[in-house]
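Encoded as structure tokens, the structure appears first; notes follow it.
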Amino acid sequence: MVLASGSPRRRELLAQLGLSFEVMVRPVDETAYRHPEPGERVRLLAGAKARAVAGELEAGVVLGADTLVAVDGRVLGKPAGAGEARRMLEELQNRWHRVYTGVAVADAATGRMETVAVQTAVLMRPMTAAEIDRYVATGEPLDKAGAYGIQGLGAVFVSSIEGSYSNVVGLPLDVTAEMLERFGITVL
């Protein structure tokens, strides 16, 4: 099995399942996948990532994924810097937003592929400016979609979630396990 993602969080989640896998990342032009619907965007991107790696292999199962955060239909990717991270957190506080993860599983030998998008609703509590500044100063928000990591310090700002916790981290394990089973990889 090959993980077509450089995300350390996805590596950790797959390791939790006890799966052995290699990591292989190939560049994908994400600007070609600017679909207006966030779920469709991540589904298409996950498929492109899996296809890019599977196309270089003779055999094997490739897992691709992509995650983004959306509020009021507007996509929040990874912040470009501390100022943008602050603005994102200010926008997310005291309201619901959605986290979307696209998952793709591809069989390199046959070209068969399945893709899906999973969404989870997340409610952030109100935050003071000082809390936001301290959090941004940790550096954690700078490489996370929506400028927070629910699996890290950002968890202190999350009041509630509706849906898959692991989806918010970056890979919905329930859906991923079901997809991998259909490609002959047994999780349990």
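Letters for chains follow the order of the structure tokens (A, B, ...), residue numbers begin at 1 for each chain, and ligand numbers begin at 1 in the order shown.
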I want to know what sits within 7 Å of stretch 2-16 of chain A, based on only C-alpha atoms, with residues of the same chain fewer than 2 positions away left out; could you give that as a compact mmCIF listing (two decimals) with C-alpha atoms, in the first residue's frame?
# COMPACT_ATOMS: atom_id res chain seq x y z
CA GLY A 18 -1.70 -1.12 11.99
CA LEU A 19 -1.21 -0.86 8.24
CA PHE A 21 2.63 1.47 3.84
CA GLU A 22 5.09 3.58 1.89
CA VAL A 23 4.76 7.31 1.34
CA MET A 24 5.05 8.57 -2.21
CA VAL A 25 4.05 12.10 -3.15
CA LYS A 49 -3.12 12.66 -6.05
CA ALA A 50 -3.83 8.92 -6.04
CA VAL A 53 1.25 8.03 -7.82
CA VAL A 61 -3.07 0.12 -3.75
CA VAL A 62 -2.66 3.89 -3.51
CA LEU A 63 -4.49 6.09 -1.00
CA GLY A 64 -4.83 9.80 -1.75
CA ALA A 65 -6.51 12.45 0.40
CA VAL A 169 -7.57 15.49 11.60
CA GLY A 170 -7.25 14.69 7.88
CA LEU A 171 -8.51 11.17 7.11
Exercise. Find the residues around A:Glu90 up to 12 Å (only C-alpha atoms counted), leave out those fewer than 6 positions away in its own chain, and share them as a list in words.
Key: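 The neighbour list is Val71, Gly83, Glu84, Met124, Arg125, Pro126, Met127, Thr128, Ala129, Ala130, Glu131, Ile132, Asp133, Tyr135, Val136, Gly146, Ala147, Tyr148 and Phe157 of chain A.
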Output N, CA and C atoms for every residue in the selection just made, as a PDB file, in the first residue's frame.
ATOM      1  N   VAL A  71     -16.262  27.885   5.489  1.00  0.00           N
ATOM      2  CA  VAL A  71     -17.210  28.601   6.326  1.00  0.00           C
ATOM      3  C   VAL A  71     -18.055  29.471   5.392  1.00  0.00           C
ATOM      4  N   GLY A  83      -0.530  36.529  10.108  1.00  0.00           N
ATOM      5  CA  GLY A  83      -1.654  37.456   9.988  1.00  0.00           C
ATOM      6  C   GLY A  83      -2.887  36.777   9.416  1.00  0.00           C
ATOM      7  N   GLU A  84      -2.696  35.975   8.385  1.00  0.00           N
ATOM      8  CA  GLU A  84      -3.833  35.271   7.799  1.00  0.00           C
ATOM      9  C   GLU A  84      -4.371  34.212   8.763  1.00  0.00           C
ATOM     10  N   MET A 124     -16.476  26.226  16.882  1.00  0.00           N
ATOM     11  CA  MET A 124     -15.390  26.819  17.659  1.00  0.00           C
ATOM     12  C   MET A 124     -16.004  27.741  18.707  1.00  0.00           C
ATOM     13  N   ARG A 125     -15.405  27.759  19.891  1.00  0.00           N
ATOM     14  CA  ARG A 125     -15.880  28.635  20.956  1.00  0.00           C
ATOM     15  C   ARG A 125     -15.355  30.055  20.720  1.00  0.00           C
ATOM     16  N   PRO A 126     -15.893  31.036  21.432  1.00  0.00           N
ATOM     17  CA  PRO A 126     -15.328  32.392  21.345  1.00  0.00           C
ATOM     18  C   PRO A 126     -13.886  32.383  21.873  1.00  0.00           C
ATOM     19  N   MET A 127     -13.045  33.202  21.266  1.00  0.00           N
ATOM     20  CA  MET A 127     -11.640  33.294  21.667  1.00  0.00           C
ATOM     21  C   MET A 127     -11.275  34.754  21.891  1.00  0.00           C
ATOM     22  N   THR A 128     -10.401  34.994  22.842  1.00  0.00           N
ATOM     23  CA  THR A 128      -9.901  36.356  23.028  1.00  0.00           C
ATOM     24  C   THR A 128      -8.776  36.596  22.027  1.00  0.00           C
ATOM     25  N   ALA A 129      -8.489  37.854  21.781  1.00  0.00           N
ATOM     26  CA  ALA A 129      -7.381  38.201  20.882  1.00  0.00           C
ATOM     27  C   ALA A 129      -6.068  37.647  21.427  1.00  0.00           C
ATOM     28  N   ALA A 130      -5.908  37.689  22.746  1.00  0.00           N
ATOM     29  CA  ALA A 130      -4.684  37.173  23.364  1.00  0.00           C
ATOM     30  C   ALA A 130      -4.554  35.659  23.150  1.00  0.00           C
ATOM     31  N   GLU A 131      -5.667  34.915  23.249  1.00  0.00           N
ATOM     32  CA  GLU A 131      -5.630  33.473  23.011  1.00  0.00           C
ATOM     33  C   GLU A 131      -5.225  33.175  21.568  1.00  0.00           C
ATOM     34  N   ILE A 132      -5.824  33.918  20.656  1.00  0.00           N
ATOM     35  CA  ILE A 132      -5.491  33.718  19.241  1.00  0.00           C
ATOM     36  C   ILE A 132      -4.011  34.017  19.007  1.00  0.00           C
ATOM     37  N   ASP A 133      -3.523  35.124  19.547  1.00  0.00           N
ATOM     38  CA  ASP A 133      -2.104  35.483  19.375  1.00  0.00           C
ATOM     39  C   ASP A 133      -1.177  34.413  19.948  1.00  0.00           C
ATOM     40  N   TYR A 135      -1.845  31.244  20.403  1.00  0.00           N
ATOM     41  CA  TYR A 135      -1.950  30.028  19.585  1.00  0.00           C
ATOM     42  C   TYR A 135      -1.162  30.186  18.281  1.00  0.00           C
ATOM     43  N   VAL A 136      -1.332  31.313  17.629  1.00  0.00           N
ATOM     44  CA  VAL A 136      -0.598  31.555  16.378  1.00  0.00           C
ATOM     45  C   VAL A 136       0.906  31.528  16.635  1.00  0.00           C
ATOM     46  N   GLY A 146      -7.613  25.947   7.605  1.00  0.00           N
ATOM     47  CA  GLY A 146      -8.447  26.625   8.590  1.00  0.00           C
ATOM     48  C   GLY A 146      -7.677  27.159   9.783  1.00  0.00           C
ATOM     49  N   ALA A 147      -6.368  26.983   9.786  1.00  0.00           N
ATOM     50  CA  ALA A 147      -5.471  27.550  10.811  1.00  0.00           C
ATOM     51  C   ALA A 147      -5.630  26.940  12.195  1.00  0.00           C
ATOM     52  N   TYR A 148      -6.058  25.666  12.277  1.00  0.00           N
ATOM     53  CA  TYR A 148      -6.071  25.015  13.586  1.00  0.00           C
ATOM     54  C   TYR A 148      -5.913  23.512  13.410  1.00  0.00           C
ATOM     55  N   PHE A 157     -10.099  25.080  21.455  1.00  0.00           N
ATOM     56  CA  PHE A 157     -11.068  26.015  20.886  1.00  0.00           C
ATOM     57  C   PHE A 157     -12.307  25.325  20.322  1.00  0.00           C
TER      58      PHE A 157
END
Practice problem: Counting only C-alpha atoms, figure out which residue out of A:Thr110, A:Ser166, A:Asn94, A:Gln151 gets nearest to A:Ala54. | Solution: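 For A:Ala54, the nearest of the candidates is A:Thr110.
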Exercise. Rank A:Leu89, A:Met113, A:Ala82, A:Ile185 by their smallest atom-to-atom distance to A:Ser20, using only C-alpha atoms, and report the top residue only.
Key: A:Ile185
Self-check item: Selection near A:Met179, 12 Å with only C-alpha atoms, sequence-local residues under 5 positions removed, as a list in words
Solution: Val61, Val62, Leu63, Gly64, Val103, Ala104, Val105, Ala106, Asp107, Met113, Glu114, Thr115, Val116, Pro172, Leu173, Asp174, Gly184, Ile185, Thr186 and Val187 of chain A
Quiz item: Restricting the calculation to only C-alpha atoms, which member of A:Leu153, A:Val158, A:Leu180, A:Ala48 is positioned closest to A:Thr138?
Solution: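 Counting only C-alpha atoms, the residue closest to A:Thr138 is A:Leu153.
Considering only C-alpha atoms, the residue among A:Met1, A:Ala145, A:Val175, A:Ala121 positioned nearest to A:Val75 is A:Ala145.
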Quiz item: Which of these residues is nearest to A:Ala177, using only C-alpha atoms: A:Leu17, A:Leu142, A:Leu76, A:Ala108?
Solution: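 Once distances to A:Ala177 are computed over only C-alpha atoms, the minimum belongs to A:Leu17.
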Self-check item: Spatial neighbours of A:Leu45, max dist 7 Å, only C-alpha atoms, sep filter under 2 positions, as a ChimeraX atom specification
Solution: /A:30,33,41-43,47-49,66
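You can rank A:Ala32, A:Ala109, A:Ala155, A:Ala80 by their closest distance to A:Ala59 using only C-alpha atoms, and at the top of that list sits A:Ala109.
Going from atom CA of A:Arg34 to atom CA of A:Val122 covers 23.0 Å.
Put simply, atom CA of A:Tyr165 is 20.1 Å away from atom CA of A:Glu40.
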Quiz item: What residues in stretch 26-134 of chain A get the DSSP label strand (DSSP E)? Please answer as JSON, numbers by chain.
Solution: {"A": [61, 62, 63, 64, 65, 66, 67, 68, 69, 70, 71, 74, 75, 76, 96, 97, 98, 99, 100, 101, 102, 103, 104, 105, 106, 107, 113, 114, 115, 116, 117, 118, 119, 120, 121, 122, 123, 124]}
Export, as a compact mmCIF listing (two decimals), in the first residue's frame, the selected residues with N, CA and C atoms.
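Below is the file that was written, part_22.txt:
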# COMPACT_ATOMS: atom_id res chain seq x y z
N VAL A 61 -1.90 -0.71 -4.06
CA VAL A 61 -3.07 0.12 -3.75
C VAL A 61 -2.55 1.46 -3.26
N VAL A 62 -3.09 2.53 -3.83
CA VAL A 62 -2.66 3.89 -3.51
C VAL A 62 -3.82 4.63 -2.85
N LEU A 63 -3.51 5.29 -1.73
CA LEU A 63 -4.49 6.09 -1.00
C LEU A 63 -4.12 7.56 -1.12
N GLY A 64 -5.03 8.35 -1.66
CA GLY A 64 -4.83 9.80 -1.75
C GLY A 64 -5.88 10.51 -0.91
N ALA A 65 -5.55 11.69 -0.41
CA ALA A 65 -6.51 12.45 0.40
C ALA A 65 -6.22 13.94 0.29
N ASP A 66 -7.25 14.72 0.54
CA ASP A 66 -7.11 16.17 0.58
C ASP A 66 -8.15 16.71 1.54
N THR A 67 -7.77 17.69 2.35
CA THR A 67 -8.68 18.26 3.35
C THR A 67 -8.74 19.77 3.21
N LEU A 68 -9.92 20.32 3.40
CA LEU A 68 -10.07 21.77 3.47
C LEU A 68 -11.17 22.13 4.43
N VAL A 69 -11.16 23.39 4.83
CA VAL A 69 -12.14 23.94 5.76
C VAL A 69 -12.97 24.97 4.99
N ALA A 70 -14.27 24.99 5.23
CA ALA A 70 -15.13 25.98 4.59
C ALA A 70 -16.07 26.58 5.61
N VAL A 71 -16.26 27.88 5.49
CA VAL A 71 -17.21 28.60 6.33
C VAL A 71 -18.06 29.47 5.39
N ARG A 74 -17.16 29.47 1.78
CA ARG A 74 -15.85 29.99 1.40
C ARG A 74 -14.76 29.09 1.95
N VAL A 75 -13.84 28.71 1.09
CA VAL A 75 -12.78 27.78 1.46
C VAL A 75 -11.65 28.50 2.19
N LEU A 76 -11.22 27.90 3.31
CA LEU A 76 -10.06 28.37 4.04
C LEU A 76 -8.99 27.30 3.94
N TRP A 96 -20.16 27.68 13.55
CA TRP A 96 -19.96 26.38 12.91
C TRP A 96 -19.24 26.56 11.58
N HIS A 97 -18.40 25.59 11.25
CA HIS A 97 -17.82 25.50 9.91
C HIS A 97 -17.75 24.03 9.54
N ARG A 98 -17.36 23.75 8.32
CA ARG A 98 -17.30 22.36 7.86
C ARG A 98 -15.88 22.01 7.43
N VAL A 99 -15.48 20.79 7.78
CA VAL A 99 -14.20 20.25 7.34
C VAL A 99 -14.52 19.14 6.34
N TYR A 100 -13.93 19.24 5.16
CA TYR A 100 -14.15 18.27 4.09
C TYR A 100 -12.84 17.53 3.81
N THR A 101 -12.93 16.22 3.71
CA THR A 101 -11.78 15.43 3.29
C THR A 101 -12.21 14.54 2.14
N GLY A 102 -11.45 14.63 1.06
CA GLY A 102 -11.63 13.72 -0.07
C GLY A 102 -10.70 12.55 0.13
N VAL A 103 -11.21 11.36 -0.14
CA VAL A 103 -10.41 10.14 -0.04
C VAL A 103 -10.52 9.40 -1.37
N ALA A 104 -9.38 8.94 -1.86
CA ALA A 104 -9.35 8.15 -3.10
C ALA A 104 -8.49 6.92 -2.87
N VAL A 105 -8.97 5.79 -3.36
CA VAL A 105 -8.20 4.55 -3.33
C VAL A 105 -8.12 4.06 -4.77
N ALA A 106 -6.89 3.79 -5.22
CA ALA A 106 -6.67 3.36 -6.60
C ALA A 106 -5.85 2.09 -6.64
N ASP A 107 -6.19 1.21 -7.56
CA ASP A 107 -5.43 0.00 -7.83
C ASP A 107 -4.51 0.30 -9.01
N MET A 113 -10.53 2.90 -9.45
CA MET A 113 -10.42 3.88 -8.38
C MET A 113 -11.80 4.22 -7.83
N GLU A 114 -11.84 4.44 -6.51
CA GLU A 114 -13.04 4.94 -5.85
C GLU A 114 -12.67 6.24 -5.14
N THR A 115 -13.59 7.19 -5.16
CA THR A 115 -13.38 8.45 -4.45
C THR A 115 -14.63 8.79 -3.66
N VAL A 116 -14.42 9.53 -2.58
CA VAL A 116 -15.54 9.97 -1.76
C VAL A 116 -15.13 11.26 -1.05
N ALA A 117 -16.11 12.03 -0.65
CA ALA A 117 -15.86 13.21 0.18
C ALA A 117 -16.66 13.06 1.47
N VAL A 118 -16.01 13.36 2.58
CA VAL A 118 -16.65 13.26 3.90
C VAL A 118 -16.62 14.65 4.53
N GLN A 119 -17.71 15.02 5.18
CA GLN A 119 -17.73 16.32 5.85
C GLN A 119 -18.09 16.18 7.32
N THR A 120 -17.49 17.05 8.11
CA THR A 120 -17.75 17.10 9.55
C THR A 120 -17.99 18.55 9.92
N ALA A 121 -19.01 18.80 10.73
CA ALA A 121 -19.29 20.15 11.21
C ALA A 121 -18.55 20.36 12.53
N VAL A 122 -17.93 21.53 12.65
CA VAL A 122 -17.13 21.86 13.83
C VAL A 122 -17.58 23.22 14.36
N LEU A 123 -17.79 23.29 15.69
CA LEU A 123 -18.13 24.56 16.33
C LEU A 123 -16.94 25.01 17.16
N MET A 124 -16.48 26.23 16.88
CA MET A 124 -15.39 26.82 17.66
C MET A 124 -16.00 27.74 18.71
Quiz item: Mind checking DSSP for stretch 31-168 of chain A and telling me the alpha helix (DSSP H) residues as an MDAnalysis selection string?
Solution: chainID A and resid 38:54 82:92 129:137 165:168
Take the residues from that selection and write them out as a PDB file, in the first residue's frame, keeping C-alpha atoms.
ATOM      1  CA  PRO A  38     -15.801  22.086  -1.356  1.00  0.00           C
ATOM      2  CA  GLY A  39     -16.690  18.392  -1.124  1.00  0.00           C
ATOM      3  CA  GLU A  40     -16.318  17.926  -4.848  1.00  0.00           C
ATOM      4  CA  ARG A  41     -13.037  19.859  -4.852  1.00  0.00           C
ATOM      5  CA  VAL A  42     -11.417  17.601  -2.234  1.00  0.00           C
ATOM      6  CA  ARG A  43     -12.801  14.463  -3.887  1.00  0.00           C
ATOM      7  CA  LEU A  44     -11.297  15.452  -7.238  1.00  0.00           C
ATOM      8  CA  LEU A  45      -7.971  16.452  -5.664  1.00  0.00           C
ATOM      9  CA  ALA A  46      -7.711  13.196  -3.712  1.00  0.00           C
ATOM     10  CA  GLY A  47      -8.310  11.304  -6.946  1.00  0.00           C
ATOM     11  CA  ALA A  48      -5.675  13.323  -8.799  1.00  0.00           C
ATOM     12  CA  LYS A  49      -3.118  12.656  -6.052  1.00  0.00           C
ATOM     13  CA  ALA A  50      -3.831   8.921  -6.044  1.00  0.00           C
ATOM     14  CA  ARG A  51      -3.734   8.752  -9.861  1.00  0.00           C
ATOM     15  CA  ALA A  52      -0.425  10.650 -10.030  1.00  0.00           C
ATOM     16  CA  VAL A  53       1.254   8.034  -7.822  1.00  0.00           C
ATOM     17  CA  ALA A  54      -0.591   4.964  -9.174  1.00  0.00           C
ATOM     18  CA  ALA A  82       0.605  34.568  10.994  1.00  0.00           C
ATOM     19  CA  GLY A  83      -1.654  37.456   9.988  1.00  0.00           C
ATOM     20  CA  GLU A  84      -3.833  35.271   7.799  1.00  0.00           C
ATOM     21  CA  ALA A  85      -3.956  32.588  10.519  1.00  0.00           C
ATOM     22  CA  ARG A  86      -5.247  35.218  12.980  1.00  0.00           C
ATOM     23  CA  ARG A  87      -7.917  36.364  10.511  1.00  0.00           C
ATOM     24  CA  MET A  88      -9.065  32.780   9.900  1.00  0.00           C
ATOM     25  CA  LEU A  89      -9.347  32.005  13.608  1.00  0.00           C
ATOM     26  CA  GLU A  90     -11.266  35.245  14.206  1.00  0.00           C
ATOM     27  CA  GLU A  91     -13.665  34.247  11.433  1.00  0.00           C
ATOM     28  CA  LEU A  92     -14.145  30.697  12.744  1.00  0.00           C
ATOM     29  CA  ALA A 129      -7.381  38.201  20.882  1.00  0.00           C
ATOM     30  CA  ALA A 130      -4.684  37.173  23.364  1.00  0.00           C
ATOM     31  CA  GLU A 131      -5.630  33.473  23.011  1.00  0.00           C
ATOM     32  CA  ILE A 132      -5.491  33.718  19.241  1.00  0.00           C
ATOM     33  CA  ASP A 133      -2.104  35.483  19.375  1.00  0.00           C
ATOM     34  CA  ARG A 134      -0.653  32.875  21.754  1.00  0.00           C
ATOM     35  CA  TYR A 135      -1.950  30.028  19.585  1.00  0.00           C
ATOM     36  CA  VAL A 136      -0.598  31.555  16.378  1.00  0.00           C
ATOM     37  CA  ALA A 137       2.776  32.095  18.112  1.00  0.00           C
ATOM     38  CA  TYR A 165     -13.213  13.322  14.428  1.00  0.00           C
ATOM     39  CA  SER A 166     -10.529  11.650  12.300  1.00  0.00           C
ATOM     40  CA  ASN A 167     -11.940  13.470   9.272  1.00  0.00           C
ATOM     41  CA  VAL A 168     -11.112  16.776  10.967  1.00  0.00           C
TER      42      VAL A 168
END
